[in-house]
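Have a look at protein-v7.pdb; it's PDB, C-alpha atoms:
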```pdb
ATOM      1  CA  MET A   1     -80.365 -41.933  63.684  1.00  0.00           C
ATOM      2  CA  ARG A   2     -84.051 -42.668  64.032  1.00  0.00           C
ATOM      3  CA  GLU A   3     -84.830 -39.484  65.993  1.00  0.00           C
ATOM      4  CA  VAL A   4     -83.455 -37.249  63.234  1.00  0.00           C
ATOM      5  CA  LYS A   5     -85.518 -39.025  60.597  1.00  0.00           C
ATOM      6  CA  GLU A   6     -88.652 -38.626  62.748  1.00  0.00           C
ATOM      7  CA  LEU A   7     -87.840 -34.958  63.370  1.00  0.00           C
ATOM      8  CA  LEU A   8     -87.459 -34.249  59.651  1.00  0.00           C
ATOM      9  CA  GLN A   9     -90.660 -36.152  58.836  1.00  0.00           C
ATOM     10  CA  ALA A  10     -92.573 -34.160  61.461  1.00  0.00           C
ATOM     11  CA  VAL A  11     -91.347 -30.845  60.041  1.00  0.00           C
ATOM     12  CA  ILE A  12     -92.198 -31.919  56.486  1.00  0.00           C
ATOM     13  CA  SER A  13     -95.678 -33.018  57.607  1.00  0.00           C
ATOM     14  CA  ASP A  14     -96.224 -29.626  59.288  1.00  0.00           C
ATOM     15  CA  PHE A  15     -95.351 -27.894  56.014  1.00  0.00           C
ATOM     16  CA  GLU A  16     -97.665 -30.107  54.000  1.00  0.00           C
ATOM     17  CA  GLY A  17    -100.466 -29.497  56.513  1.00  0.00           C
ATOM     18  CA  GLU A  18    -100.119 -25.772  55.794  1.00  0.00           C
ATOM     19  CA  GLY A  19    -100.233 -26.313  52.034  1.00  0.00           C
ATOM     20  CA  LEU A  20     -96.495 -25.793  51.532  1.00  0.00           C
ATOM     21  CA  LYS A  21     -94.082 -28.127  49.751  1.00  0.00           C
ATOM     22  CA  PRO A  22     -90.662 -28.255  51.416  1.00  0.00           C
ATOM     23  CA  ASP A  23     -87.985 -28.969  48.842  1.00  0.00           C
ATOM     24  CA  ILE A  24     -84.668 -27.807  50.321  1.00  0.00           C
ATOM     25  CA  LEU A  25     -82.630 -28.456  53.454  1.00  0.00           C
ATOM     26  CA  LEU A  26     -79.909 -26.016  54.462  1.00  0.00           C
ATOM     27  CA  ALA A  27     -77.723 -27.991  56.854  1.00  0.00           C
ATOM     28  CA  GLY A  28     -74.632 -27.351  58.914  1.00  0.00           C
ATOM     29  CA  PRO A  29     -71.672 -29.736  58.756  1.00  0.00           C
ATOM     30  CA  GLY A  30     -72.421 -31.150  62.214  1.00  0.00           C
ATOM     31  CA  PHE A  31     -76.008 -31.865  61.232  1.00  0.00           C
ATOM     32  CA  ILE A  32     -74.894 -33.579  58.025  1.00  0.00           C
ATOM     33  CA  GLN A  33     -72.286 -35.685  59.801  1.00  0.00           C
ATOM     34  CA  TYR A  34     -74.637 -36.785  62.562  1.00  0.00           C
ATOM     35  CA  ALA A  35     -77.685 -37.346  60.323  1.00  0.00           C
ATOM     36  CA  LYS A  36     -76.131 -38.784  57.148  1.00  0.00           C
ATOM     37  CA  ASP A  37     -78.250 -41.972  57.259  1.00  0.00           C
ATOM     38  CA  ALA A  38     -81.491 -40.005  57.624  1.00  0.00           C
ATOM     39  CA  LEU A  39     -80.415 -37.591  54.880  1.00  0.00           C
ATOM     40  CA  ALA A  40     -79.738 -40.459  52.466  1.00  0.00           C
ATOM     41  CA  GLU A  41     -83.469 -41.225  52.567  1.00  0.00           C
ATOM     42  CA  CYS A  42     -84.504 -37.574  52.464  1.00  0.00           C
ATOM     43  CA  SER A  43     -86.206 -36.283  49.321  1.00  0.00           C
ATOM     44  CA  LEU A  44     -85.078 -32.685  49.929  1.00  0.00           C
ATOM     45  CA  LYS A  45     -82.219 -31.044  48.043  1.00  0.00           C
ATOM     46  CA  ILE A  46     -79.441 -30.556  50.592  1.00  0.00           C
ATOM     47  CA  TYR A  47     -77.165 -27.512  50.785  1.00  0.00           C
ATOM     48  CA  ARG A  48     -74.249 -27.381  53.231  1.00  0.00           C
ATOM     49  CA  ILE A  49     -74.023 -24.090  55.140  1.00  0.00           C
ATOM     50  CA  GLU A  50     -70.992 -23.883  57.463  1.00  0.00           C
ATOM     51  CA  GLU A  51     -72.572 -21.304  59.763  1.00  0.00           C
ATOM     52  CA  LEU A  52     -75.454 -23.595  60.745  1.00  0.00           C
ATOM     53  CA  GLY A  53     -73.262 -25.999  62.742  1.00  0.00           C
ATOM     54  CA  TYR A  54     -75.567 -28.681  64.200  1.00  0.00           C
ATOM     55  CA  ASP A  55     -78.723 -26.995  62.890  1.00  0.00           C
ATOM     56  CA  ALA A  56     -80.669 -27.276  59.670  1.00  0.00           C
ATOM     57  CA  VAL A  57     -83.394 -25.276  57.965  1.00  0.00           C
ATOM     58  CA  VAL A  58     -86.160 -27.045  56.061  1.00  0.00           C
ATOM     59  CA  ALA A  59     -87.801 -24.731  53.552  1.00  0.00           C
ATOM     60  CA  ASP A  60     -90.179 -24.353  50.647  1.00  0.00           C
ATOM     61  CA  SER A  61     -87.999 -22.524  48.133  1.00  0.00           C
ATOM     62  CA  ALA A  62     -91.023 -21.119  46.292  1.00  0.00           C
ATOM     63  CA  TYR A  63     -91.964 -19.023  49.325  1.00  0.00           C
ATOM     64  CA  LEU A  64     -88.626 -18.599  51.109  1.00  0.00           C
ATOM     65  CA  GLY A  65     -88.168 -14.940  52.005  1.00  0.00           C
ATOM     66  CA  GLN A  66     -91.821 -14.158  51.263  1.00  0.00           C
ATOM     67  CA  MET A  67     -93.484 -15.832  54.220  1.00  0.00           C
ATOM     68  CA  LYS A  68     -92.149 -16.380  57.729  1.00  0.00           C
ATOM     69  CA  ARG A  69     -93.656 -19.867  57.918  1.00  0.00           C
ATOM     70  CA  ALA A  70     -91.920 -21.003  54.701  1.00  0.00           C
ATOM     71  CA  SER A  71     -88.942 -22.288  56.691  1.00  0.00           C
ATOM     72  CA  ARG A  72     -88.308 -24.100  59.964  1.00  0.00           C
ATOM     73  CA  ARG A  73     -85.015 -24.354  61.818  1.00  0.00           C
ATOM     74  CA  VAL A  74     -84.259 -27.590  63.648  1.00  0.00           C
ATOM     75  CA  SER A  75     -81.334 -28.493  65.856  1.00  0.00           C
ATOM     76  CA  ILE A  76     -79.941 -31.913  66.685  1.00  0.00           C
ATOM     77  CA  GLU A  77     -77.711 -30.600  69.457  1.00  0.00           C
ATOM     78  CA  PRO A  78     -80.234 -31.637  72.174  1.00  0.00           C
ATOM     79  CA  LEU A  79     -80.341 -35.155  70.674  1.00  0.00           C
ATOM     80  CA  ILE A  80     -76.554 -35.379  70.747  1.00  0.00           C
ATOM     81  CA  ARG A  81     -76.422 -34.229  74.372  1.00  0.00           C
ATOM     82  CA  GLU A  82     -79.059 -36.765  75.369  1.00  0.00           C
ATOM     83  CA  SER A  83     -77.232 -39.551  73.557  1.00  0.00           C
ATOM     84  CA  GLU A  84     -73.960 -38.641  75.276  1.00  0.00           C
ATOM     85  CA  MET A  85     -75.705 -38.551  78.661  1.00  0.00           C
ATOM     86  CA  TRP A  86     -77.132 -42.053  78.161  1.00  0.00           C
ATOM     87  CA  LYS A  87     -73.720 -43.285  77.061  1.00  0.00           C
ATOM     88  CA  GLU A  88     -72.167 -41.914  80.255  1.00  0.00           C
ATOM     89  CA  ILE A  89     -74.909 -43.532  82.369  1.00  0.00           C
ATOM     90  CA  HIS A  90     -74.303 -46.907  80.719  1.00  0.00           C
ATOM     91  CA  GLU A  91     -70.550 -46.557  81.280  1.00  0.00           C
ATOM     92  CA  LEU A  92     -71.132 -46.054  84.993  1.00  0.00           C
ATOM     93  CA  ASP A  93     -72.549 -49.594  85.063  1.00  0.00           C
ATOM     94  CA  VAL A  94     -74.466 -48.999  88.261  1.00  0.00           C
TER      95      VAL A  94
END
```
Written as structure tokens, how would this file's structure read?
Amino acid sequence: MREVKELLQAVISDFEGEGLKPDILLAGPGFIQYAKDALAECSLKIYRIEELGYDAVVADSAYLGQMKRASRRVSIEPLIRESEMWKEIHELDV
């Protein structure tokens, strides 16, 4: 999904703008399932974390736990809801 790829790129750019180098993605199974195409092009090392559900955490492993800004949590749940809403609207065929 294009939106997920853009979301990940934006988070990575934010990190790089702060002088950090994101290298890992902790992702829930829902996030992985929904974003598998975007993750195939992702240069981050991906770890599956069941508890994250539809969320993921992008992080710079060199500073993880040392600095609050060394990680960012993102959720694709709003994207899924929006997609489902548009699907329902199109099915109404008004």
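For the pair CA of Ala62 (chain A) and CA of Lys21 (chain A), the interatomic distance is 8.4 Å.
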Please expand the PyMOL selection byres ((chain A and resi 22) around 7) into the concrete residues it hits in this file, giving the result as a PyMOL selection string.
chain A and resi 12+15+20-21+23-24+58-60
Would you save the residues of that selection, restricted to C-alpha atoms, as a short mmCIF file (atom, residue, chain, number, x, y, z; two decimals), in the coordinates of the input?
```cif
data_model
loop_
_atom_site.label_atom_id
_atom_site.label_comp_id
_atom_site.auth_asym_id
_atom_site.auth_seq_id
_atom_site.Cartn_x
_atom_site.Cartn_y
_atom_site.Cartn_z
CA ILE A 12 -92.20 -31.92 56.49
CA PHE A 15 -95.35 -27.89 56.01
CA LEU A 20 -96.50 -25.79 51.53
CA LYS A 21 -94.08 -28.13 49.75
CA ASP A 23 -87.98 -28.97 48.84
CA ILE A 24 -84.67 -27.81 50.32
CA VAL A 58 -86.16 -27.04 56.06
CA ALA A 59 -87.80 -24.73 53.55
CA ASP A 60 -90.18 -24.35 50.65
#
```
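The coordinates place CA of Lys5 (chain A) at 7.8 Å from CA of Leu39 (chain A).
Pairwise distance (CA of Leu7 (chain A), CA of Ser43 (chain A)) equals 14.2 Å.
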On this file, the PyMOL selection byres ((chain A and resi 2) around 12) gives some set of residues; write that set as a list in words.
Met1, Glu3, Val4, Lys5, Glu6, Leu7, Leu8, Gln9, Tyr34, Ala35, Lys36, Asp37, Ala38, Leu39, Glu41, Ile76 and Leu79 of chain A
Show me the residues close to (-87.1, -25.4, 64.7) - anything with an atom within 10 Å, counting only C-alpha atoms - and format the list as a CSV table (one decimal) with C-alpha atoms, in the frame of the given file.
```
chain,number,residue,atom,x,y,z
A,7,LEU,CA,-87.8,-35.0,63.4
A,11,VAL,CA,-91.3,-30.8,60.0
A,55,ASP,CA,-78.7,-27.0,62.9
A,56,ALA,CA,-80.7,-27.3,59.7
A,57,VAL,CA,-83.4,-25.3,58.0
A,58,VAL,CA,-86.2,-27.0,56.1
A,71,SER,CA,-88.9,-22.3,56.7
A,72,ARG,CA,-88.3,-24.1,60.0
A,73,ARG,CA,-85.0,-24.4,61.8
A,74,VAL,CA,-84.3,-27.6,63.6
A,75,SER,CA,-81.3,-28.5,65.9
A,76,ILE,CA,-79.9,-31.9,66.7
```
Under the rule that all atoms listed in the file are counted, which of A:Gly30, A:Leu25, A:Ser61, A:Lys45 is the nearest residue to Glu77 (chain A)?
A:Gly30
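Using the PyMOL selection byres ((chain A and resi 29) around 8) on the file at hand returns these residues: Ala27, Gly28, Gly30, Phe31, Ile32, Gln33, Arg48, Ile49, Glu50, Leu52, Gly53 and Tyr54 of chain A.
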Those residues you just picked out, can you put them in a file as an mmCIF file, in the coordinates of the input with C-alpha atoms?
```cif
data_model
loop_
_atom_site.group_PDB
_atom_site.id
_atom_site.type_symbol
_atom_site.label_atom_id
_atom_site.label_comp_id
_atom_site.auth_asym_id
_atom_site.auth_seq_id
_atom_site.Cartn_x
_atom_site.Cartn_y
_atom_site.Cartn_z
ATOM 1 C CA ALA A 27 -77.723 -27.991 56.854
ATOM 2 C CA GLY A 28 -74.632 -27.351 58.914
ATOM 3 C CA GLY A 30 -72.421 -31.150 62.214
ATOM 4 C CA PHE A 31 -76.008 -31.865 61.232
ATOM 5 C CA ILE A 32 -74.894 -33.579 58.025
ATOM 6 C CA GLN A 33 -72.286 -35.685 59.801
ATOM 7 C CA ARG A 48 -74.249 -27.381 53.231
ATOM 8 C CA ILE A 49 -74.023 -24.090 55.140
ATOM 9 C CA GLU A 50 -70.992 -23.883 57.463
ATOM 10 C CA LEU A 52 -75.454 -23.595 60.745
ATOM 11 C CA GLY A 53 -73.262 -25.999 62.742
ATOM 12 C CA TYR A 54 -75.567 -28.681 64.200
#
```
Hey, could you pull the box centre and edge lengths for region 48-55 of chain A, axis-aligned, 5 Å padding per side, all listed atoms, to one decimal in Å, as JSON?
```
{"center_x": -74.9, "center_y": -25.0, "center_z": 58.7, "size_x": 17.7, "size_y": 17.4, "size_z": 21.0}
```
Dump C-alpha atoms of region 37-51 of chain A from the given block, as a PDB file, in the first residue's frame.
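As written to disk, part_25.pdb reads:
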```pdb
ATOM      1  CA  ASP A  37       4.644  -4.914  -0.178  1.00  0.00           C
ATOM      2  CA  ALA A  38       6.036  -1.770   1.462  1.00  0.00           C
ATOM      3  CA  LEU A  39       8.177  -3.864   3.818  1.00  0.00           C
ATOM      4  CA  ALA A  40       9.698  -5.791   0.904  1.00  0.00           C
ATOM      5  CA  GLU A  41      11.284  -2.519  -0.235  1.00  0.00           C
ATOM      6  CA  CYS A  42      12.217  -1.425   3.279  1.00  0.00           C
ATOM      7  CA  SER A  43      15.899  -1.344   4.211  1.00  0.00           C
ATOM      8  CA  LEU A  44      15.189  -1.813   7.935  1.00  0.00           C
ATOM      9  CA  LYS A  45      15.664  -5.113   9.753  1.00  0.00           C
ATOM     10  CA  ILE A  46      12.172  -6.305  10.666  1.00  0.00           C
ATOM     11  CA  TYR A  47      11.233  -8.014  13.934  1.00  0.00           C
ATOM     12  CA  ARG A  48       7.732  -9.401  14.500  1.00  0.00           C
ATOM     13  CA  ILE A  49       6.271  -8.479  17.899  1.00  0.00           C
ATOM     14  CA  GLU A  50       2.832 -10.020  18.545  1.00  0.00           C
ATOM     15  CA  GLU A  51       1.805  -7.374  21.071  1.00  0.00           C
TER      16      GLU A  51
END
```
